[in-house]
Amino acid sequence: MKRYKKYITPYLGAFLMGPLMMLTEVAGEVALPKLMSLIINNGVAGRDTGYILKTGLLMAAVVVCMAVGGILGSYFAAKASINFTTDLRRDVFKKVQQFSFANIDSFSTGSLVTRLTNDIQQVQNVLTMGLKMALRAPGMFVGALFMAFMMNGRLAAILLVVIPLLSLAIGLILKTAFPRFEAMQKKLDRLNSGIQESLTNVRVVKSFVREDFEIGKFSGLNQDLRDSGMRALKIVIATMPVMMFAMNVTTLAVVWYGGNLIIGGSMPVGDLTAFTTYIVQILMSLMMLSMVFLQSSRARASLKRITEILDTVVDLNDDQAARKELRVEKGSVEFKDVSFGYGKGGDRVLEHISFKAEPGQTIGIIGAPGSGKTSLVQLIPRLYDVTEGAVLVDGVDVRDYSLKNLRNGVGMVLQKNVLFSGTIEENLRWGDEDASREELVKAAVNAQADGFVTAFKNGYHTEIGQGGAGVSGGQKQRLCIARALLKKPKILILDDSTSAVDTATEAAIRESFKNELKDTTRIIIAQRISSVQDADRILVLDDGKIIGSGTHEELLRTCRAYEEIYVTQTGENRAEEAEA
């Protein structure tokens, strides 16, 4: 728990003032029954109106002080808990942003969302409740118990039987609660993951007319959460009746025994009234403590899940970087006998990859789906680390760069094109937020995006929805290319990023690359040979291995797999022609 101290220290005043203000309310609650008993015993019994008025005004003053203390206590409790969880949420989100792809793969998106929202909210709820009750419940318990024994020790002895039994019942309830709340949060993870997946892919769902299937799947997840929630909340449901039963039985016993004492003349009527109130206060304080402990049990399950994120070791960092100040200046890329597999002990998806790209060269990569093309290029900006061998940029191992400097030198258009909600200009400025308007437009022109952007009514200020809603797949690809170009990278990686544009537009994009990116090393993954046939070198991948390397004409002569792809795509057999 030491790690959470830093979230308390800046708001220590609120953490202390909340419980202390609640003590004002406690003092008033303990004093009021005694004052009431004095009015009954002295004022009413003696028909002393002045005494009744004087004591009544004192009670009114106590009530006002209680109200002020309660309001301030609630305010400081809310301030402390909200600020605590705001800072915690910020750090958890910051840690998630530091995650490597491998770290993210170990958590589902729905689980991360749940931990950042619902789990942290549970912690906030229990902090708010705890700060209100931390001194209030124990203070009321001790104060009321003391007053009860001061009034009548024999009558108060009833509590010595009830309190241990009630404490035992509360302990058993809490022991059962924790694993049930933990299971409920995991069910909530699954539900959130299902919702996220369905909403993200809603167009696919509709195109395949799978709405009924998705509704059924959601209903199953929703039912699981309901069942898990009911199983956990049965504990909460059981707590209140147990407490109320104990309270009512104790009150009956006190009234019966106290009534006999009044009849025998050994106890004033006012004292029995006050004593009954103190009994209720004692049992209510135990009830409040049980609810705090119960909520703490749920918050403990949530805190455990939050701690899992904060304790996750980020496997890609700058700790071992030997040359953190170094920047990518030229853009050469070299793979030295690189092998790679996802996760520890995972099957190799790349084996013994070796090649070199000189600054300004274009390297094409082609191969069947699943051959390892995307895995290969992800090793350059260290989205993953190699399992064996080394990837060098400008002759330096990528692990020796700081991640920031390395990735600033690499522009990457991923296979899945992602745009964010906002204007087109705001999306493009992800490449360079300080770029001039002319630079921004030039990047769009080179990506063949300026034409359709200026056709929109609001041009570059056109709003697009989350994920790029409002633009077509080809338009989205061109905007993502423009965003990468605006970054002015020394290395540009295009992962099948022109698959949704027509061949004429693709040819125009390639031509602009030749003219505008002469000093930029370009690595292009493509399914179409026409996309890479002008490259300085083409790599043919199959099952994680390079089975062909050379220019387009060389591969037609020497690589059977490349020739087959070419024939399939063009219907021409150029192998004999190339050989001649």
# chains A, B, ... in the order shown; residues from 1 in each chain; ligands from 1
call {"tool": "residues_around", "arguments": {"residues": "A:Thr176", "least_positions_apart": "5", "cutoff": "9 Å", "atoms": "only C-alpha atoms", "output": "number ranges by chain"}}
result
A: 171, 232, 235
call {"tool": "write_last_selection", "arguments": {"atoms": "N, CA, C and O atoms", "output": "PDB file, in the first residue's frame"}}
result
ATOM      1  N   GLY A 171     -18.133 -10.946  10.312  1.00  0.00           N
ATOM      2  CA  GLY A 171     -16.881 -11.536   9.842  1.00  0.00           C
ATOM      3  C   GLY A 171     -17.110 -12.631   8.811  1.00  0.00           C
ATOM      4  O   GLY A 171     -16.406 -12.713   7.796  1.00  0.00           O
ATOM      5  N   ALA A 232     -23.077 -12.018  -5.546  1.00  0.00           N
ATOM      6  CA  ALA A 232     -22.300 -11.135  -4.671  1.00  0.00           C
ATOM      7  C   ALA A 232     -23.206 -10.276  -3.796  1.00  0.00           C
ATOM      8  O   ALA A 232     -22.953 -10.096  -2.598  1.00  0.00           O
ATOM      9  N   ILE A 235     -24.867 -11.158  -0.365  1.00  0.00           N
ATOM     10  CA  ILE A 235     -24.143 -10.871   0.880  1.00  0.00           C
ATOM     11  C   ILE A 235     -24.608  -9.542   1.460  1.00  0.00           C
ATOM     12  O   ILE A 235     -24.848  -9.399   2.660  1.00  0.00           O
TER      13      ILE A 235
END
call {"tool": "select_by_dssp", "arguments": {"residues": "stretch 256-491 of chain A", "states": "strand (DSSP E or B)", "output": "PyMOL selection string"}}
result
chain A and resi 333-341+348-357+362-367+388-393+396-397+410-413+422-423+463-464+491
call {"tool": "select_by_dssp", "arguments": {"residues": "stretch 212-382 of chain A", "states": "alpha helix (DSSP H)", "output": "PyMOL selection string"}}
result
chain A and resi 212-263+269-311+373-378
call {"tool": "write_last_selection", "arguments": {"atoms": "C-alpha atoms", "output": "mmCIF file, in the first residue's frame"}}
result
data_model
loop_
_atom_site.group_PDB
_atom_site.id
_atom_site.type_symbol
_atom_site.label_atom_id
_atom_site.label_comp_id
_atom_site.auth_asym_id
_atom_site.auth_seq_id
_atom_site.Cartn_x
_atom_site.Cartn_y
_atom_site.Cartn_z
ATOM 1 C CA ASP A 212 -29.549 -11.570 -33.691
ATOM 2 C CA PHE A 213 -26.338 -13.476 -33.039
ATOM 3 C CA GLU A 214 -24.721 -10.434 -31.373
ATOM 4 C CA ILE A 215 -27.853 -9.810 -29.308
ATOM 5 C CA GLY A 216 -27.792 -13.440 -28.185
ATOM 6 C CA LYS A 217 -24.096 -13.268 -27.329
ATOM 7 C CA PHE A 218 -24.614 -10.037 -25.384
ATOM 8 C CA SER A 219 -27.590 -11.549 -23.564
ATOM 9 C CA GLY A 220 -25.407 -14.461 -22.455
ATOM 10 C CA LEU A 221 -22.688 -12.149 -21.136
ATOM 11 C CA ASN A 222 -25.297 -9.912 -19.524
ATOM 12 C CA GLN A 223 -26.919 -12.939 -17.869
ATOM 13 C CA ASP A 224 -23.540 -14.093 -16.541
ATOM 14 C CA LEU A 225 -22.942 -10.653 -15.010
ATOM 15 C CA ARG A 226 -26.443 -10.623 -13.531
ATOM 16 C CA ASP A 227 -25.974 -14.048 -11.940
ATOM 17 C CA SER A 228 -22.546 -13.112 -10.615
ATOM 18 C CA GLY A 229 -23.885 -9.778 -9.360
ATOM 19 C CA MET A 230 -26.818 -11.400 -7.587
ATOM 20 C CA ARG A 231 -24.492 -13.939 -6.002
ATOM 21 C CA ALA A 232 -22.300 -11.135 -4.671
ATOM 22 C CA LEU A 233 -25.150 -8.836 -3.647
ATOM 23 C CA LYS A 234 -26.851 -11.594 -1.678
ATOM 24 C CA ILE A 235 -24.143 -10.871 0.880
ATOM 25 C CA VAL A 236 -25.198 -7.215 1.013
ATOM 26 C CA ILE A 237 -28.853 -8.250 1.157
ATOM 27 C CA ALA A 238 -28.136 -10.599 4.070
ATOM 28 C CA THR A 239 -26.279 -7.949 6.072
ATOM 29 C CA MET A 240 -29.189 -5.577 6.699
ATOM 30 C CA PRO A 241 -31.723 -8.146 7.986
ATOM 31 C CA VAL A 242 -29.106 -9.633 10.330
ATOM 32 C CA MET A 243 -28.304 -6.192 11.734
ATOM 33 C CA MET A 244 -31.963 -5.174 12.051
ATOM 34 C CA PHE A 245 -32.838 -8.456 13.747
ATOM 35 C CA ALA A 246 -30.054 -7.958 16.267
ATOM 36 C CA MET A 247 -31.127 -4.346 16.845
ATOM 37 C CA ASN A 248 -34.795 -5.188 17.392
ATOM 38 C CA VAL A 249 -34.115 -8.158 19.674
ATOM 39 C CA THR A 250 -31.717 -6.070 21.765
ATOM 40 C CA THR A 251 -34.194 -3.181 21.943
ATOM 41 C CA LEU A 252 -36.966 -5.540 23.112
ATOM 42 C CA ALA A 253 -34.704 -6.988 25.777
ATOM 43 C CA VAL A 254 -33.700 -3.507 26.982
ATOM 44 C CA VAL A 255 -37.303 -2.245 27.070
ATOM 45 C CA TRP A 256 -38.474 -5.345 28.937
ATOM 46 C CA TYR A 257 -35.669 -5.298 31.490
ATOM 47 C CA GLY A 258 -35.622 -1.477 31.762
ATOM 48 C CA GLY A 259 -39.412 -1.394 32.208
ATOM 49 C CA ASN A 260 -39.091 -3.661 35.220
ATOM 50 C CA LEU A 261 -36.411 -1.354 36.661
ATOM 51 C CA ILE A 262 -38.718 1.680 36.187
ATOM 52 C CA ILE A 263 -41.578 -0.167 37.884
ATOM 53 C CA VAL A 269 -38.190 7.040 32.656
ATOM 54 C CA GLY A 270 -35.933 9.502 30.834
ATOM 55 C CA ASP A 271 -32.911 7.255 31.308
ATOM 56 C CA LEU A 272 -34.695 4.334 29.596
ATOM 57 C CA THR A 273 -35.542 6.588 26.640
ATOM 58 C CA ALA A 274 -31.902 7.691 26.353
ATOM 59 C CA PHE A 275 -30.645 4.152 26.924
ATOM 60 C CA THR A 276 -32.813 2.808 24.089
ATOM 61 C CA THR A 277 -31.375 5.473 21.781
ATOM 62 C CA TYR A 278 -27.833 4.538 22.803
ATOM 63 C CA ILE A 279 -28.556 0.878 22.045
ATOM 64 C CA VAL A 280 -29.720 1.867 18.548
ATOM 65 C CA GLN A 281 -26.603 4.027 18.104
ATOM 66 C CA ILE A 282 -24.286 1.205 19.145
ATOM 67 C CA LEU A 283 -25.877 -1.257 16.751
ATOM 68 C CA MET A 284 -26.093 1.374 13.991
ATOM 69 C CA SER A 285 -22.369 2.050 14.357
ATOM 70 C CA LEU A 286 -21.728 -1.669 13.940
ATOM 71 C CA MET A 287 -23.983 -1.638 10.880
ATOM 72 C CA MET A 288 -22.070 1.290 9.405
ATOM 73 C CA LEU A 289 -18.776 -0.495 10.029
ATOM 74 C CA SER A 290 -20.106 -3.658 8.399
ATOM 75 C CA MET A 291 -21.137 -1.679 5.296
ATOM 76 C CA VAL A 292 -17.712 -0.021 5.132
ATOM 77 C CA PHE A 293 -16.028 -3.423 5.409
ATOM 78 C CA LEU A 294 -18.378 -4.872 2.801
ATOM 79 C CA GLN A 295 -17.686 -2.056 0.340
ATOM 80 C CA SER A 296 -13.996 -2.371 1.194
ATOM 81 C CA SER A 297 -14.175 -6.016 0.180
ATOM 82 C CA ARG A 298 -15.414 -5.002 -3.271
ATOM 83 C CA ALA A 299 -12.905 -2.151 -3.476
ATOM 84 C CA ARG A 300 -10.149 -4.554 -2.454
ATOM 85 C CA ALA A 301 -10.984 -6.749 -5.446
ATOM 86 C CA SER A 302 -10.909 -3.654 -7.671
ATOM 87 C CA LEU A 303 -7.677 -2.366 -6.137
ATOM 88 C CA LYS A 304 -6.054 -5.723 -6.795
ATOM 89 C CA ARG A 305 -6.939 -5.402 -10.481
ATOM 90 C CA ILE A 306 -5.630 -1.807 -10.607
ATOM 91 C CA THR A 307 -2.393 -2.916 -8.945
ATOM 92 C CA GLU A 308 -1.970 -5.584 -11.629
ATOM 93 C CA ILE A 309 -1.684 -2.802 -14.211
ATOM 94 C CA LEU A 310 0.664 -0.659 -12.099
ATOM 95 C CA ASP A 311 2.839 -3.718 -11.349
ATOM 96 C CA LYS A 373 5.524 -9.361 -43.196
ATOM 97 C CA THR A 374 3.874 -7.160 -40.531
ATOM 98 C CA SER A 375 5.838 -8.825 -37.731
ATOM 99 C CA LEU A 376 9.048 -7.972 -39.580
ATOM 100 C CA VAL A 377 8.415 -4.235 -39.939
ATOM 101 C CA GLN A 378 7.118 -3.915 -36.367
#
call {"tool": "closest_residue", "arguments": {"among": "A:Leu16, A:Ile170, A:Cys480, A:Val501", "to": "A:Lys416", "atoms": "only C-alpha atoms"}}
result
A:Cys480
call {"tool": "closest_residue", "arguments": {"among": "A:Leu38, A:Ile481, A:Ala561, A:Met17", "to": "A:Pro268", "atoms": "only C-alpha atoms"}}
result
A:Leu38
call {"tool": "atom_distance", "arguments": {"atom1": "atom CA of A:Ala102", "atom2": "atom CA of A:Gly431"}}
result
24.4 Å
call {"tool": "atom_distance", "arguments": {"atom1": "atom CA of A:Asp48", "atom2": "atom CA of A:Ala61"}}
result
20.3 Å
call {"tool": "atom_distance", "arguments": {"atom1": "atom CA of A:Thr128", "atom2": "atom CA of A:Arg115"}}
result
18.7 Å
call {"tool": "residues_around", "arguments": {"residues": "A:Ala368", "least_positions_apart": "5", "cutoff": "9 Å", "atoms": "only C-alpha atoms", "output": "PDB file with N, CA and C atoms, in the first residue's frame"}}
result
ATOM      1  N   LYS A 373       5.157 -10.678 -42.657  1.00  0.00           N
ATOM      2  CA  LYS A 373       5.524  -9.361 -43.196  1.00  0.00           C
ATOM      3  C   LYS A 373       5.345  -8.256 -42.158  1.00  0.00           C
ATOM      4  N   GLN A 527       0.308  -6.580 -51.272  1.00  0.00           N
ATOM      5  CA  GLN A 527      -0.212  -7.823 -51.830  1.00  0.00           C
ATOM      6  C   GLN A 527      -0.067  -7.814 -53.355  1.00  0.00           C
ATOM      7  N   LEU A 541       8.647 -13.308 -48.717  1.00  0.00           N
ATOM      8  CA  LEU A 541       8.581 -14.052 -47.460  1.00  0.00           C
ATOM      9  C   LEU A 541       7.624 -15.226 -47.578  1.00  0.00           C
ATOM     10  N   ASP A 542       8.000 -16.312 -46.936  1.00  0.00           N
ATOM     11  CA  ASP A 542       7.119 -17.478 -46.855  1.00  0.00           C
ATOM     12  C   ASP A 542       7.396 -18.188 -45.536  1.00  0.00           C
ATOM     13  N   ASP A 543       6.372 -18.311 -44.731  1.00  0.00           N
ATOM     14  CA  ASP A 543       6.475 -18.997 -43.439  1.00  0.00           C
ATOM     15  C   ASP A 543       7.618 -18.437 -42.591  1.00  0.00           C
TER      16      ASP A 543
END
call {"tool": "residues_around", "arguments": {"residues": "A:Ala482", "least_positions_apart": "2", "cutoff": "12 Å", "atoms": "only C-alpha atoms", "output": "ChimeraX atom specification"}}
result
/A:411-413,417,419,424-425,427-432,439-450,453,475-480,484-489,492,494,497,509,512-513
call {"tool": "write_last_selection", "arguments": {"atoms": "N, CA and C atoms", "output": "short mmCIF file (atom, residue, chain, number, x, y, z; two decimals), in the first residue's frame"}}
result
data_model
loop_
_atom_site.label_atom_id
_atom_site.label_comp_id
_atom_site.auth_asym_id
_atom_site.auth_seq_id
_atom_site.Cartn_x
_atom_site.Cartn_y
_atom_site.Cartn_z
N GLY A 411 8.27 6.72 -39.62
CA GLY A 411 6.85 6.92 -39.90
C GLY A 411 6.24 5.60 -40.29
N MET A 412 5.08 5.29 -39.73
CA MET A 412 4.49 3.98 -39.98
C MET A 412 3.00 4.11 -40.25
N VAL A 413 2.58 3.54 -41.36
CA VAL A 413 1.15 3.45 -41.67
C VAL A 413 0.78 1.99 -41.48
N ASN A 417 -5.87 1.02 -40.57
CA ASN A 417 -5.81 2.48 -40.57
C ASN A 417 -6.71 3.04 -39.48
N LEU A 419 -8.06 6.54 -37.54
CA LEU A 419 -8.22 7.98 -37.38
C LEU A 419 -9.02 8.24 -36.11
N ILE A 424 -10.15 16.80 -39.86
CA ILE A 424 -9.11 16.19 -40.68
C ILE A 424 -7.76 16.82 -40.34
N GLU A 425 -7.74 18.13 -40.17
CA GLU A 425 -6.48 18.80 -39.84
C GLU A 425 -5.91 18.31 -38.51
N ASN A 427 -6.29 15.42 -37.19
CA ASN A 427 -5.75 14.08 -37.40
C ASN A 427 -4.40 14.13 -38.09
N LEU A 428 -4.27 14.98 -39.10
CA LEU A 428 -3.00 15.08 -39.81
C LEU A 428 -1.89 15.62 -38.91
N ARG A 429 -2.24 16.51 -37.99
CA ARG A 429 -1.24 17.13 -37.12
C ARG A 429 -0.68 16.15 -36.08
N TRP A 430 -1.20 14.92 -36.05
CA TRP A 430 -0.54 13.89 -35.25
C TRP A 430 0.89 13.68 -35.78
N GLY A 431 1.07 13.90 -37.09
CA GLY A 431 2.41 13.75 -37.65
C GLY A 431 3.35 14.84 -37.18
N ASP A 432 2.86 16.07 -37.11
CA ASP A 432 3.66 17.20 -36.62
C ASP A 432 2.70 18.31 -36.21
N GLU A 439 2.90 23.04 -45.21
CA GLU A 439 3.46 21.70 -45.04
C GLU A 439 2.35 20.66 -44.93
N LEU A 440 1.30 21.01 -44.22
CA LEU A 440 0.18 20.09 -44.06
C LEU A 440 -0.49 19.79 -45.40
N VAL A 441 -0.73 20.83 -46.17
CA VAL A 441 -1.37 20.65 -47.48
C VAL A 441 -0.46 19.87 -48.41
N LYS A 442 0.84 20.15 -48.37
CA LYS A 442 1.79 19.44 -49.24
C LYS A 442 1.78 17.94 -48.94
N ALA A 443 1.74 17.57 -47.64
CA ALA A 443 1.68 16.15 -47.28
C ALA A 443 0.41 15.51 -47.83
N ALA A 444 -0.71 16.23 -47.75
CA ALA A 444 -1.97 15.71 -48.28
C ALA A 444 -1.92 15.57 -49.80
N VAL A 445 -1.27 16.52 -50.46
CA VAL A 445 -1.13 16.45 -51.92
C VAL A 445 -0.30 15.24 -52.31
N ASN A 446 0.81 15.01 -51.61
CA ASN A 446 1.68 13.87 -51.92
C ASN A 446 0.98 12.53 -51.66
N ALA A 447 0.06 12.53 -50.71
CA ALA A 447 -0.69 11.31 -50.41
C ALA A 447 -1.96 11.19 -51.25
N GLN A 448 -2.15 12.13 -52.19
CA GLN A 448 -3.33 12.14 -53.06
C GLN A 448 -4.62 12.29 -52.25
N ALA A 449 -4.53 13.05 -51.16
CA ALA A 449 -5.70 13.26 -50.30
C ALA A 449 -6.27 14.67 -50.44
N ASP A 450 -5.49 15.60 -50.93
CA ASP A 450 -5.94 16.99 -50.98
C ASP A 450 -7.19 17.16 -51.84
N VAL A 453 -10.29 16.09 -49.89
CA VAL A 453 -10.46 16.90 -48.67
C VAL A 453 -11.03 18.27 -49.03
N GLN A 475 -10.01 6.74 -48.71
CA GLN A 475 -9.73 8.08 -48.18
C GLN A 475 -9.02 8.00 -46.84
N LYS A 476 -9.45 7.05 -46.03
CA LYS A 476 -8.82 6.87 -44.72
C LYS A 476 -7.34 6.50 -44.89
N GLN A 477 -7.06 5.60 -45.86
CA GLN A 477 -5.68 5.20 -46.09
C GLN A 477 -4.82 6.39 -46.52
N ARG A 478 -5.35 7.22 -47.42
CA ARG A 478 -4.58 8.37 -47.91
C ARG A 478 -4.35 9.39 -46.79
N LEU A 479 -5.32 9.58 -45.91
CA LEU A 479 -5.13 10.49 -44.77
C LEU A 479 -4.05 9.96 -43.83
N CYS A 480 -4.04 8.65 -43.62
CA CYS A 480 -3.02 8.06 -42.75
C CYS A 480 -1.63 8.19 -43.37
N ALA A 484 1.62 10.37 -41.88
CA ALA A 484 2.98 9.86 -41.74
C ALA A 484 3.98 10.73 -42.50
N LEU A 485 3.58 11.23 -43.67
CA LEU A 485 4.49 12.09 -44.45
C LEU A 485 4.77 13.41 -43.74
N LEU A 486 3.76 13.95 -43.05
CA LEU A 486 3.93 15.22 -42.34
C LEU A 486 4.97 15.10 -41.23
N LYS A 487 5.20 13.88 -40.78
CA LYS A 487 6.20 13.62 -39.74
C LYS A 487 7.62 13.79 -40.26
N LYS A 488 7.77 13.76 -41.61
CA LYS A 488 9.07 13.85 -42.28
C LYS A 488 10.05 12.81 -41.71
N PRO A 489 9.67 11.55 -41.75
CA PRO A 489 10.52 10.51 -41.15
C PRO A 489 11.72 10.17 -42.04
N LEU A 492 10.19 5.32 -43.69
CA LEU A 492 8.73 5.28 -43.86
C LEU A 492 8.32 3.83 -44.13
N LEU A 494 5.13 1.38 -44.94
CA LEU A 494 3.75 1.31 -45.43
C LEU A 494 3.32 -0.15 -45.42
N SER A 497 -0.77 -0.33 -47.19
CA SER A 497 -1.55 0.87 -46.90
C SER A 497 -2.19 1.51 -48.12
N ILE A 509 0.74 8.08 -55.95
CA ILE A 509 1.37 8.13 -54.62
C ILE A 509 2.82 7.68 -54.72
N SER A 512 4.93 10.41 -56.27
CA SER A 512 5.22 11.51 -55.32
C SER A 512 6.29 11.09 -54.32
N PHE A 513 6.30 9.80 -53.95
CA PHE A 513 7.35 9.31 -53.06
C PHE A 513 8.72 9.47 -53.71
#
call {"tool": "closest_atom_pairs", "arguments": {"of": "stretch 116-187 of chain A", "to": "stretch 86-94 of chain A", "cutoff": "9 Å", "atoms": "only C-alpha atoms", "output": "JSON lines"}}
result
{"residue": "A:Leu116", "atom": "CA", "partner": "A:Arg89", "partner_atom": "CA", "distance": 6.2}
{"residue": "A:Thr117", "atom": "CA", "partner": "A:Arg89", "partner_atom": "CA", "distance": 8.1}
{"residue": "A:Ile120", "atom": "CA", "partner": "A:Arg89", "partner_atom": "CA", "distance": 6.9}
call {"tool": "residues_around", "arguments": {"residues": "A:Ser332", "least_positions_apart": "4", "cutoff": "10 Å", "atoms": "only C-alpha atoms", "output": "ChimeraX atom specification"}}
result
/A:328,356-361,392-396,490-491,520-522
call {"tool": "residues_around", "arguments": {"residues": "A:Ser111", "least_positions_apart": "5", "cutoff": "9 Å", "atoms": "only C-alpha atoms", "output": "ChimeraX atom specification"}}
result
/A:116,186,188-190,192-193
call {"tool": "write_last_selection", "arguments": {"atoms": "N, CA and C atoms", "output": "PDB file, in the first residue's frame"}}
result
ATOM      1  N   LEU A 116     -10.025   1.126 -15.580  1.00  0.00           N
ATOM      2  CA  LEU A 116      -9.870   2.580 -15.564  1.00  0.00           C
ATOM      3  C   LEU A 116     -11.137   3.307 -15.138  1.00  0.00           C
ATOM      4  N   LYS A 186     -14.686  -9.613 -13.018  1.00  0.00           N
ATOM      5  CA  LYS A 186     -14.217 -10.325 -14.211  1.00  0.00           C
ATOM      6  C   LYS A 186     -15.347 -10.503 -15.218  1.00  0.00           C
ATOM      7  N   LEU A 188     -17.752  -8.420 -15.550  1.00  0.00           N
ATOM      8  CA  LEU A 188     -17.925  -7.080 -16.114  1.00  0.00           C
ATOM      9  C   LEU A 188     -16.884  -6.829 -17.209  1.00  0.00           C
ATOM     10  N   ASP A 189     -15.661  -7.344 -17.010  1.00  0.00           N
ATOM     11  CA  ASP A 189     -14.635  -7.269 -18.053  1.00  0.00           C
ATOM     12  C   ASP A 189     -15.136  -7.891 -19.347  1.00  0.00           C
ATOM     13  N   ARG A 190     -15.673  -9.098 -19.240  1.00  0.00           N
ATOM     14  CA  ARG A 190     -16.128  -9.827 -20.429  1.00  0.00           C
ATOM     15  C   ARG A 190     -17.264  -9.079 -21.124  1.00  0.00           C
ATOM     16  N   ASN A 192     -17.860  -5.780 -21.053  1.00  0.00           N
ATOM     17  CA  ASN A 192     -17.311  -4.590 -21.706  1.00  0.00           C
ATOM     18  C   ASN A 192     -16.542  -4.948 -22.976  1.00  0.00           C
ATOM     19  N   SER A 193     -15.809  -6.066 -22.938  1.00  0.00           N
ATOM     20  CA  SER A 193     -15.079  -6.505 -24.132  1.00  0.00           C
ATOM     21  C   SER A 193     -16.052  -6.850 -25.252  1.00  0.00           C
TER      22      SER A 193
END
